[in-house]
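Next up, coords_5.pdb (PDB, C-alpha atoms):
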```pdb
ATOM      1  CA  MET A   1     -14.261   9.140   7.516
ATOM      2  CA  GLU A   2     -12.118   9.765  10.577
ATOM      3  CA  LEU A   3      -8.964   7.674  10.621
ATOM      4  CA  ILE A   4      -8.036   5.869  13.832
ATOM      5  CA  CYS A   5      -4.412   5.121  14.722
ATOM      6  CA  GLU A   6      -3.775   1.643  16.064
ATOM      7  CA  SER A   7      -0.970   3.184  18.148
ATOM      8  CA  ASN A   8      -0.523   6.700  19.520
ATOM      9  CA  GLU A   9       3.258   6.293  19.272
ATOM     10  CA  LEU A  10       4.406   7.691  15.934
ATOM     11  CA  SER A  11       7.724   5.876  16.334
ATOM     12  CA  LYS A  12       5.932   2.561  15.812
ATOM     13  CA  TYR A  13       5.022   3.709  12.308
ATOM     14  CA  LEU A  14       8.756   3.949  11.561
ATOM     15  CA  THR A  15       9.635   0.415  12.647
ATOM     16  CA  GLU A  16      11.479  -1.909  10.312
ATOM     17  CA  LEU A  17       9.572  -5.165   9.867
ATOM     18  CA  ASN A  18      10.209  -8.470   8.165
ATOM     19  CA  GLU A  19       8.143  -7.346   5.174
ATOM     20  CA  VAL A  20       9.186  -3.678   5.464
ATOM     21  CA  ASP A  21      12.902  -4.406   5.171
ATOM     22  CA  TYR A  22      14.356  -0.974   4.559
ATOM     23  CA  SER A  23      17.871  -1.948   5.653
ATOM     24  CA  ASN A  24      18.099  -4.156   2.575
ATOM     25  CA  PRO A  25      20.722  -2.795   0.130
ATOM     26  CA  VAL A  26      18.176  -2.716  -2.705
ATOM     27  CA  ILE A  27      15.949  -0.377  -0.696
ATOM     28  CA  LYS A  28      18.888   1.742   0.447
ATOM     29  CA  GLU A  29      20.030   2.232  -3.133
ATOM     30  CA  LYS A  30      16.577   3.367  -4.249
ATOM     31  CA  VAL A  31      16.324   5.725  -1.267
ATOM     32  CA  SER A  32      19.574   7.399  -2.315
ATOM     33  CA  GLU A  33      18.179   7.840  -5.839
ATOM     34  CA  LEU A  34      14.813   9.251  -4.796
ATOM     35  CA  PHE A  35      15.668  11.624  -1.976
ATOM     36  CA  ASN A  36      17.854  14.572  -1.087
ATOM     37  CA  ALA A  37      18.292  16.528   2.125
ATOM     38  CA  SER A  38      16.307  19.547   0.974
ATOM     39  CA  GLN A  39      13.010  17.753   0.365
ATOM     40  CA  THR A  40      10.048  18.279   2.691
ATOM     41  CA  ASP A  41       8.025  15.402   4.076
ATOM     42  CA  ILE A  42       5.239  16.261   1.630
ATOM     43  CA  GLU A  43       7.664  16.111  -1.299
ATOM     44  CA  LYS A  44       9.070  12.792  -0.086
ATOM     45  CA  ALA A  45       5.605  11.283   0.261
ATOM     46  CA  LYS A  46       4.595  12.431  -3.215
ATOM     47  CA  ILE A  47       7.791  11.104  -4.806
ATOM     48  CA  VAL A  48       7.404   7.671  -3.213
ATOM     49  CA  PHE A  49       3.679   7.453  -3.921
ATOM     50  CA  GLU A  50       4.157   8.238  -7.607
ATOM     51  CA  PHE A  51       7.137   5.894  -7.892
ATOM     52  CA  VAL A  52       5.307   2.909  -6.385
ATOM     53  CA  ARG A  53       2.088   3.721  -8.241
ATOM     54  CA  ASP A  54       3.702   4.136 -11.652
ATOM     55  CA  GLU A  55       6.936   2.139 -11.649
ATOM     56  CA  ILE A  56       5.878  -0.990  -9.737
ATOM     57  CA  TYR A  57       3.321  -2.924 -11.757
ATOM     58  CA  HIS A  58       0.213  -4.485 -10.279
ATOM     59  CA  SER A  59       0.412  -8.226 -10.915
ATOM     60  CA  TRP A  60      -3.156  -8.497 -12.163
ATOM     61  CA  ASP A  61      -2.749  -5.597 -14.592
ATOM     62  CA  ILE A  62       0.254  -7.204 -16.274
ATOM     63  CA  GLN A  63      -1.037 -10.765 -15.749
ATOM     64  CA  GLY A  64       2.135 -11.599 -13.866
ATOM     65  CA  THR A  65       2.245 -14.874 -11.958
ATOM     66  CA  GLN A  66       5.072 -14.096  -9.512
ATOM     67  CA  VAL A  67       4.016 -13.516  -5.895
ATOM     68  CA  THR A  68       6.073 -10.857  -4.099
ATOM     69  CA  CYS A  69       5.868  -9.793  -0.454
ATOM     70  CA  HIS A  70       8.956  -8.183   1.113
ATOM     71  CA  ALA A  71       9.576  -4.579   0.084
ATOM     72  CA  SER A  72      13.019  -5.425  -1.315
ATOM     73  CA  GLU A  73      11.532  -8.251  -3.393
ATOM     74  CA  VAL A  74       8.767  -5.995  -4.734
ATOM     75  CA  LEU A  75      11.332  -3.377  -5.721
ATOM     76  CA  SER A  76      13.667  -5.912  -7.340
ATOM     77  CA  THR A  77      10.953  -7.524  -9.464
ATOM     78  CA  ARG A  78       8.979  -4.304 -10.067
ATOM     79  CA  GLU A  79       5.668  -6.084  -9.507
ATOM     80  CA  GLY A  80       3.189  -7.141  -6.844
ATOM     81  CA  ILE A  81      -0.434  -6.887  -5.806
ATOM     82  CA  CYS A  82      -1.611  -4.064  -3.536
ATOM     83  CA  TYR A  83      -0.490  -5.916  -0.379
ATOM     84  CA  ALA A  84       3.060  -6.066  -1.688
ATOM     85  CA  LYS A  85       3.086  -2.524  -3.073
ATOM     86  CA  SER A  86       1.951  -1.136   0.286
ATOM     87  CA  ASN A  87       4.915  -2.874   1.938
ATOM     88  CA  LEU A  88       7.294  -1.129  -0.455
ATOM     89  CA  LEU A  89       5.734   2.297  -0.003
ATOM     90  CA  ALA A  90       5.996   1.897   3.773
ATOM     91  CA  ALA A  91       9.624   0.780   3.584
ATOM     92  CA  LEU A  92      10.735   3.705   1.427
ATOM     93  CA  LEU A  93       9.038   6.325   3.587
ATOM     94  CA  ARG A  94       9.823   4.791   6.969
ATOM     95  CA  SER A  95      13.470   4.649   5.963
ATOM     96  CA  VAL A  96      13.570   8.465   5.746
ATOM     97  CA  GLY A  97      11.594   9.136   8.906
ATOM     98  CA  VAL A  98       8.094   9.607   7.481
ATOM     99  CA  PRO A  99       5.619   7.622   9.635
ATOM    100  CA  THR A 100       3.643   5.242   7.431
ATOM    101  CA  GLY A 101       0.884   2.783   8.255
ATOM    102  CA  PHE A 102      -1.396   0.304   6.530
ATOM    103  CA  CYS A 103      -5.083   0.776   5.717
ATOM    104  CA  TYR A 104      -7.691  -1.485   4.165
ATOM    105  CA  GLN A 105     -10.923  -1.520   2.220
ATOM    106  CA  ARG A 106     -13.391  -4.313   1.468
ATOM    107  CA  LEU A 107     -14.218  -4.196  -2.231
ATOM    108  CA  LEU A 108     -15.923  -6.160  -4.939
ATOM    109  CA  LEU A 109     -13.256  -8.418  -6.399
ATOM    110  CA  PHE A 110     -14.532  -7.840  -9.913
ATOM    111  CA  ASP A 111     -17.791  -6.152 -10.895
ATOM    112  CA  THR A 112     -20.644  -7.914  -9.092
ATOM    113  CA  PRO A 113     -21.221  -9.322  -5.581
ATOM    114  CA  GLU A 114     -21.700 -12.786  -7.093
ATOM    115  CA  LYS A 115     -18.043 -12.768  -8.131
ATOM    116  CA  GLY A 116     -16.951 -12.204  -4.551
ATOM    117  CA  TYR A 117     -15.145  -9.621  -2.421
ATOM    118  CA  CYS A 118     -11.553  -8.920  -1.483
ATOM    119  CA  ILE A 119      -9.533  -6.920   1.001
ATOM    120  CA  HIS A 120      -7.606  -4.104  -0.673
ATOM    121  CA  ALA A 121      -4.503  -2.550   0.907
ATOM    122  CA  LEU A 122      -3.358   1.064   0.834
ATOM    123  CA  ASN A 123      -1.246   3.290   3.075
ATOM    124  CA  ALA A 124      -1.611   6.190   5.455
ATOM    125  CA  VAL A 125       1.250   8.663   5.843
ATOM    126  CA  PHE A 126       1.736  11.174   8.665
ATOM    127  CA  LEU A 127       2.971  14.545   7.433
ATOM    128  CA  GLU A 128       4.483  16.352  10.401
ATOM    129  CA  SER A 129       4.687  19.653   8.518
ATOM    130  CA  ILE A 130       0.878  19.854   8.393
ATOM    131  CA  ASP A 131       0.186  17.613  11.427
ATOM    132  CA  LYS A 132      -2.049  15.307   9.410
ATOM    133  CA  TRP A 133      -2.470  11.707   8.334
ATOM    134  CA  ILE A 134      -3.369  11.234   4.667
ATOM    135  CA  ARG A 135      -4.250   8.031   2.850
ATOM    136  CA  LEU A 136      -2.489   7.146  -0.385
ATOM    137  CA  ASP A 137      -3.318   4.303  -2.743
ATOM    138  CA  ALA A 138      -0.372   3.279  -4.926
ATOM    139  CA  ARG A 139      -2.212   0.300  -6.443
ATOM    140  CA  GLY A 140      -1.521   1.604  -9.947
ATOM    141  CA  ASN A 141      -3.736   3.569 -12.302
ATOM    142  CA  LYS A 142      -5.499   2.258 -15.416
ATOM    143  CA  PRO A 143      -8.728   3.121 -17.221
ATOM    144  CA  GLY A 144     -11.322   3.684 -14.500
ATOM    145  CA  ILE A 145      -8.746   4.082 -11.711
ATOM    146  CA  ASP A 146      -7.106   7.461 -11.090
ATOM    147  CA  ALA A 147      -5.461   7.656  -7.669
ATOM    148  CA  GLN A 148      -3.544  10.876  -7.033
ATOM    149  CA  PHE A 149      -1.412  12.467  -4.330
ATOM    150  CA  SER A 150      -3.566  14.910  -2.393
ATOM    151  CA  ILE A 151      -3.197  16.442   1.062
ATOM    152  CA  ASP A 152      -6.705  17.915   1.095
ATOM    153  CA  GLU A 153      -9.327  15.714  -0.535
ATOM    154  CA  GLU A 154      -8.643  11.989  -0.819
ATOM    155  CA  LYS A 155      -8.136  10.759  -4.373
ATOM    156  CA  LEU A 156      -7.961   7.007  -3.890
ATOM    157  CA  ALA A 157      -8.168   4.218  -6.433
ATOM    158  CA  PHE A 158     -11.631   3.101  -5.340
ATOM    159  CA  THR A 159     -14.784   4.797  -4.070
ATOM    160  CA  ILE A 160     -16.657   2.672  -1.558
ATOM    161  CA  GLN A 161     -20.106   1.462  -2.645
ATOM    162  CA  GLU A 162     -21.799   0.854   0.696
ATOM    163  CA  GLU A 163     -24.986  -0.331  -1.015
ATOM    164  CA  LEU A 164     -22.941  -3.236  -2.410
ATOM    165  CA  ASP A 165     -21.523  -4.084   1.038
ATOM    166  CA  GLU A 166     -18.115  -2.535   0.403
ATOM    167  CA  LYS A 167     -16.387  -1.028   3.427
ATOM    168  CA  ASP A 168     -13.704   1.445   4.441
ATOM    169  CA  TYR A 169     -11.800   0.295   7.532
ATOM    170  CA  PRO A 170     -10.764   3.389   9.557
ATOM    171  CA  THR A 171      -7.772   1.897  11.398
ATOM    172  CA  ILE A 172      -4.203   2.850  10.491
ATOM    173  CA  TYR A 173      -2.264  -0.313  11.332
ATOM    174  CA  VAL A 174       1.380  -0.372  12.404
ATOM    175  CA  LYS A 175       1.992  -3.676  10.594
ATOM    176  CA  PRO A 176       0.517  -5.259   7.485
ATOM    177  CA  HIS A 177      -2.569  -7.262   8.439
ATOM    178  CA  HIS A 178      -1.733 -10.902   9.084
ATOM    179  CA  LYS A 179      -4.387 -12.080   6.616
ATOM    180  CA  THR A 180      -2.694 -10.225   3.766
ATOM    181  CA  ILE A 181       0.771 -11.507   4.624
ATOM    182  CA  SER A 182      -0.500 -15.084   5.014
ATOM    183  CA  THR A 183      -2.058 -14.831   1.568
ATOM    184  CA  LEU A 184       1.233 -13.758  -0.001
ATOM    185  CA  LYS A 185       3.135 -16.516   1.770
ATOM    186  CA  ASN A 186       0.682 -19.343   1.067
ATOM    187  CA  TYR A 187       0.387 -19.077  -2.720
ATOM    188  CA  THR A 188       2.871 -19.198  -5.556
ATOM    189  CA  ASN A 189       0.795 -18.088  -8.552
ATOM    190  CA  ALA A 190      -0.309 -14.459  -8.306
ATOM    191  CA  LEU A 191      -3.160 -14.789 -10.797
ATOM    192  CA  GLN A 192      -4.688 -17.810  -9.083
ATOM    193  CA  MET A 193      -4.188 -16.143  -5.699
ATOM    194  CA  TYR A 194      -5.891 -12.950  -6.902
ATOM    195  CA  LYS A 195      -8.879 -14.712  -8.454
ATOM    196  CA  TYR A 196      -9.598 -17.265  -5.763
ATOM    197  CA  HIS A 197      -7.721 -16.730  -2.502
ATOM    198  CA  LEU A 198      -7.764 -13.086  -1.383
ATOM    199  CA  PRO A 199      -9.334 -12.562   2.062
ATOM    200  CA  GLU A 200     -12.871 -11.160   1.915
ATOM    201  CA  SER A 201     -12.808  -9.334   5.273
ATOM    202  CA  LEU A 202     -10.439  -8.412   8.086
TER     203      LEU A 202
END
```

Encoding of this model in structure tokens:
Amino acid sequence: MELICESNELSKYLTELNEVDYSNPVIKEKVSELFNASQTDIEKAKIVFEFVRDEIYHSWDIQGTQVTCHASEVLSTREGICYAKSNLLAALLRSVGVPTGFCYQRLLLFDTPEKGYCIHALNAVFLESIDKWIRLDARGNKPGIDAQFSIDEEKLAFTIQEELDEKDYPTIYVKPHHKTISTLKNYTNALQMYKYHLPESL
């Protein structure tokens, strides 16, 4: 699938946003821990991807009820659903000058169409050293899910099943989609939100 940038201005993919609050002291402290001046953009992207994937827990996986949204909040609590985790990944990379956007898939919420669909969030990162956008899914691995950092062949958390009406959206958005942010702001129990209130399409 060919990715489509919402904006041709790379600088927009470095913008600080309400949810991508990389000036927050919590984010700044983590940035100083993760990075040094000698790292390439590829190394930075891999470090952040693996940190968010492995060290920030997906709320559903740990059956956590807290809803997080802002990158600083996600980092402080160490948990969130994919919408929240994508905000953190964007904040960490944008803060060090690596353009990062937001991508989405429409997936089965559980295992059959009868149980409904959901929008899933991941990120796209522009690596200037190889002049290429790559998608990264830091949702968090578990049995049956094995997302990896790869600059050649995508290794995402989920493979789209078109025959089941799943969908890959090609757009790389500058900001998190308003439906995902509204979801995080409108509910206070992450498990109830995940089971019953995730948007089904963009």

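The smallest atom-to-atom distance between Gly140 in chain A and any of A:Cys82, A:Val125, A:Leu191, A:Val48, using all atoms listed in the file, is found for A:Cys82.
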
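Counting from CA of Ser95 in chain A, the distance to CA of Thr180 in chain A is 22.1 Å.
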
Counting all atoms listed in the file, the residue of A:Val31, A:Ile181, A:Leu156, A:Ala147 that sits nearest Leu198 in chain A
A:Ile181

With all atoms listed in the file as the counted atoms, please give the residues lying no more than 10 Å from Ser86 in chain A, apart from itself and same-chain residues fewer than 5 positions off, as an MDAnalysis selection string.
chainID A and resid 20 49 52:53 69:71 74 80:81 91 100:103 121:124 136:139 176

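Remark: for Phe110 in chain A, the closest of the candidate residues A:Tyr194, A:Phe149, A:Lys85, A:Ile130 is A:Tyr194 (distances computed over only C-alpha atoms).
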
Would you translate the PyMOL selection byres ((chain A and resi 163) around 12) into the concrete set of residues it matches in this file, as an MDAnalysis selection string?
chainID A and resid 107:108 112:113 159:162 164:167

Go ahead and save the picked residues with C-alpha atoms, as a PDB file, in the coordinates of the input.
```pdb
ATOM      1  CA  LEU A 107     -14.218  -4.196  -2.231  1.00  0.00           C
ATOM      2  CA  LEU A 108     -15.923  -6.160  -4.939  1.00  0.00           C
ATOM      3  CA  THR A 112     -20.644  -7.914  -9.092  1.00  0.00           C
ATOM      4  CA  PRO A 113     -21.221  -9.322  -5.581  1.00  0.00           C
ATOM      5  CA  THR A 159     -14.784   4.797  -4.070  1.00  0.00           C
ATOM      6  CA  ILE A 160     -16.657   2.672  -1.558  1.00  0.00           C
ATOM      7  CA  GLN A 161     -20.106   1.462  -2.645  1.00  0.00           C
ATOM      8  CA  GLU A 162     -21.799   0.854   0.696  1.00  0.00           C
ATOM      9  CA  LEU A 164     -22.941  -3.236  -2.410  1.00  0.00           C
ATOM     10  CA  ASP A 165     -21.523  -4.084   1.038  1.00  0.00           C
ATOM     11  CA  GLU A 166     -18.115  -2.535   0.403  1.00  0.00           C
ATOM     12  CA  LYS A 167     -16.387  -1.028   3.427  1.00  0.00           C
TER      13      LYS A 167
END
```

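Between CA of Ala45 in chain A and CA of Ile151 in chain A the separation is 10.2 Å.
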
Go through A:Lys175, A:Glu79, A:Tyr196, A:His120 one by one, measure the shortest atom-to-atom distance of each to Ala157 in chain A using only C-alpha atoms, and give the residue with the smallest value.
A:His120

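Minimum atom-to-atom distances from A:Asp111, A:Ser76, A:Pro143, A:Glu153 to Val26 in chain A were compared using all atoms listed in the file, and the lowest value belongs to A:Ser76.
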
Nearest to Leu127 in chain A by atom-to-atom distance, counting all atoms listed in the file, from A:Glu29, A:Glu73, A:Asp41, A:Glu55
A:Asp41

For CA of Tyr104 in chain A and CA of Gln192 in chain A, quote the distance in Å rounded to one decimal.
21.2 Å

Tell me which protein, DNA and RNA residues are within 12 Å of Ser11 in chain A, counting all atoms listed in the file, leaving out same-chain ones fewer than 4 positions away, and put them as an NGL selection string.
:A and (7 or 15-16 or 94-95 or 97-101 or 126 or 174)

Compile the contact shell of Leu109 in chain A as a CSV table (one decimal) with C-alpha atoms, keeping the file's coordinate frame: residues with an atom at most 6 Å away, counting only C-alpha atoms, same-chain residues fewer than 6 positions apart removed.
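File written: around_36.csv
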```csv
chain,number,residue,atom,x,y,z
A,116,GLY,CA,-17.0,-12.2,-4.6
A,117,TYR,CA,-15.1,-9.6,-2.4
A,118,CYS,CA,-11.6,-8.9,-1.5
```

Residues in the PyMOL selection byres ((chain A and resi 34) around 10), expressed as a ChimeraX atom specification:
/A:29-33,35-36,44,47-48,51,92

Evaluate the PyMOL selection byres ((chain A and resi 119) around 6) on the structure here and hand back the selected residues as a ChimeraX atom specification.
/A:105-106,118,120,199-201

Distance query Asn189 in chain A at most 9 Å, all atoms listed in the file, self and fewer than 5 positions along chain excluded, as an NGL selection string:
:A and (64-67 or 194)

Could you add N, CA and C atoms to range 66-102 of chain A and give me the result as a JSON list (two decimals), keeping the file's coordinate frame?
```
[["chain", "number", "residue", "atom", "x", "y", "z"],
["A", 66, "GLN", "N", 4.16, -14.07, -10.66],
["A", 66, "GLN", "CA", 5.07, -14.10, -9.51],
["A", 66, "GLN", "C", 4.43, -13.42, -8.30],
["A", 67, "VAL", "N", 4.52, -14.08, -7.15],
["A", 67, "VAL", "CA", 4.02, -13.52, -5.90],
["A", 67, "VAL", "C", 5.18, -12.86, -5.17],
["A", 68, "THR", "N", 5.06, -11.57, -4.87],
["A", 68, "THR", "CA", 6.07, -10.86, -4.10],
["A", 68, "THR", "C", 5.48, -10.38, -2.78],
["A", 69, "CYS", "N", 6.34, -10.18, -1.79],
["A", 69, "CYS", "CA", 5.87, -9.79, -0.45],
["A", 69, "CYS", "C", 6.77, -8.74, 0.19],
["A", 70, "HIS", "N", 8.03, -9.11, 0.46],
["A", 70, "HIS", "CA", 8.96, -8.18, 1.11],
["A", 70, "HIS", "C", 9.21, -6.97, 0.22],
["A", 71, "ALA", "N", 9.37, -5.82, 0.84],
["A", 71, "ALA", "CA", 9.58, -4.58, 0.08],
["A", 71, "ALA", "C", 10.74, -4.71, -0.89],
["A", 72, "SER", "N", 11.84, -5.30, -0.45],
["A", 72, "SER", "CA", 13.02, -5.42, -1.32],
["A", 72, "SER", "C", 12.72, -6.30, -2.52],
["A", 73, "GLU", "N", 11.91, -7.33, -2.32],
["A", 73, "GLU", "CA", 11.53, -8.25, -3.39],
["A", 73, "GLU", "C", 10.62, -7.54, -4.40],
["A", 74, "VAL", "N", 9.69, -6.75, -3.87],
["A", 74, "VAL", "CA", 8.77, -6.00, -4.73],
["A", 74, "VAL", "C", 9.55, -5.02, -5.60],
["A", 75, "LEU", "N", 10.52, -4.34, -4.99],
["A", 75, "LEU", "CA", 11.33, -3.38, -5.72],
["A", 75, "LEU", "C", 12.20, -4.07, -6.77],
["A", 76, "SER", "N", 12.77, -5.20, -6.41],
["A", 76, "SER", "CA", 13.67, -5.91, -7.34],
["A", 76, "SER", "C", 12.93, -6.44, -8.57],
["A", 77, "THR", "N", 11.71, -6.93, -8.36],
["A", 77, "THR", "CA", 10.95, -7.52, -9.46],
["A", 77, "THR", "C", 10.07, -6.51, -10.18],
["A", 78, "ARG", "N", 9.83, -5.37, -9.51],
["A", 78, "ARG", "CA", 8.98, -4.30, -10.07],
["A", 78, "ARG", "C", 7.54, -4.75, -10.26],
["A", 79, "GLU", "N", 7.07, -5.69, -9.41],
["A", 79, "GLU", "CA", 5.67, -6.08, -9.51],
["A", 79, "GLU", "C", 5.16, -6.62, -8.18],
["A", 80, "GLY", "N", 3.84, -6.61, -8.03],
["A", 80, "GLY", "CA", 3.19, -7.14, -6.84],
["A", 80, "GLY", "C", 1.74, -6.69, -6.81],
["A", 81, "ILE", "N", 0.93, -7.38, -5.99],
["A", 81, "ILE", "CA", -0.43, -6.89, -5.81],
["A", 81, "ILE", "C", -0.41, -5.77, -4.76],
["A", 82, "CYS", "N", -1.56, -5.22, -4.44],
["A", 82, "CYS", "CA", -1.61, -4.06, -3.54],
["A", 82, "CYS", "C", -0.97, -4.35, -2.18],
["A", 83, "TYR", "N", -1.10, -5.59, -1.67],
["A", 83, "TYR", "CA", -0.49, -5.92, -0.38],
["A", 83, "TYR", "C", 1.02, -5.71, -0.44],
["A", 84, "ALA", "N", 1.61, -6.17, -1.51],
["A", 84, "ALA", "CA", 3.06, -6.07, -1.69],
["A", 84, "ALA", "C", 3.49, -4.62, -1.93],
["A", 85, "LYS", "N", 2.74, -3.91, -2.76],
["A", 85, "LYS", "CA", 3.09, -2.52, -3.07],
["A", 85, "LYS", "C", 3.00, -1.64, -1.83],
["A", 86, "SER", "N", 2.05, -1.93, -0.94],
["A", 86, "SER", "CA", 1.95, -1.14, 0.29],
["A", 86, "SER", "C", 3.14, -1.39, 1.20],
["A", 87, "ASN", "N", 3.70, -2.60, 1.16],
["A", 87, "ASN", "CA", 4.92, -2.87, 1.94],
["A", 87, "ASN", "C", 6.08, -2.03, 1.43],
["A", 88, "LEU", "N", 6.20, -1.91, 0.11],
["A", 88, "LEU", "CA", 7.29, -1.13, -0.46],
["A", 88, "LEU", "C", 7.14, 0.35, -0.14],
["A", 89, "LEU", "N", 5.94, 0.88, -0.30],
["A", 89, "LEU", "CA", 5.73, 2.30, 0.00],
["A", 89, "LEU", "C", 6.09, 2.59, 1.45],
["A", 90, "ALA", "N", 5.68, 1.71, 2.36],
["A", 90, "ALA", "CA", 6.00, 1.90, 3.77],
["A", 90, "ALA", "C", 7.50, 1.85, 4.01],
["A", 91, "ALA", "N", 8.18, 0.91, 3.38],
["A", 91, "ALA", "CA", 9.62, 0.78, 3.58],
["A", 91, "ALA", "C", 10.37, 2.03, 3.14],
["A", 92, "LEU", "N", 10.03, 2.53, 1.96],
["A", 92, "LEU", "CA", 10.74, 3.70, 1.43],
["A", 92, "LEU", "C", 10.52, 4.93, 2.30],
["A", 93, "LEU", "N", 9.30, 5.14, 2.78],
["A", 93, "LEU", "CA", 9.04, 6.32, 3.59],
["A", 93, "LEU", "C", 9.51, 6.17, 5.03],
["A", 94, "ARG", "N", 9.32, 5.00, 5.60],
["A", 94, "ARG", "CA", 9.82, 4.79, 6.97],
["A", 94, "ARG", "C", 11.34, 4.96, 7.03],
["A", 95, "SER", "N", 12.01, 4.58, 5.97],
["A", 95, "SER", "CA", 13.47, 4.65, 5.96],
["A", 95, "SER", "C", 13.97, 6.08, 6.06],
["A", 96, "VAL", "N", 13.16, 7.05, 5.68],
["A", 96, "VAL", "CA", 13.57, 8.46, 5.75],
["A", 96, "VAL", "C", 12.77, 9.22, 6.80],
["A", 97, "GLY", "N", 12.20, 8.49, 7.75],
["A", 97, "GLY", "CA", 11.59, 9.14, 8.91],
["A", 97, "GLY", "C", 10.18, 9.66, 8.72],
["A", 98, "VAL", "N", 9.49, 9.19, 7.68],
["A", 98, "VAL", "CA", 8.09, 9.61, 7.48],
["A", 98, "VAL", "C", 7.19, 8.48, 7.98],
["A", 99, "PRO", "N", 6.46, 8.69, 9.09],
["A", 99, "PRO", "CA", 5.62, 7.62, 9.64],
["A", 99, "PRO", "C", 4.59, 7.14, 8.61],
["A", 100, "THR", "N", 4.52, 5.83, 8.45],
["A", 100, "THR", "CA", 3.64, 5.24, 7.43],
["A", 100, "THR", "C", 2.97, 4.00, 7.99],
["A", 101, "GLY", "N", 1.65, 3.92, 7.79],
["A", 101, "GLY", "CA", 0.88, 2.78, 8.26],
["A", 101, "GLY", "C", 0.15, 2.10, 7.12],
["A", 102, "PHE", "N", -0.67, 1.13, 7.50],
["A", 102, "PHE", "CA", -1.40, 0.30, 6.53],
["A", 102, "PHE", "C", -2.90, 0.46, 6.76]]
```
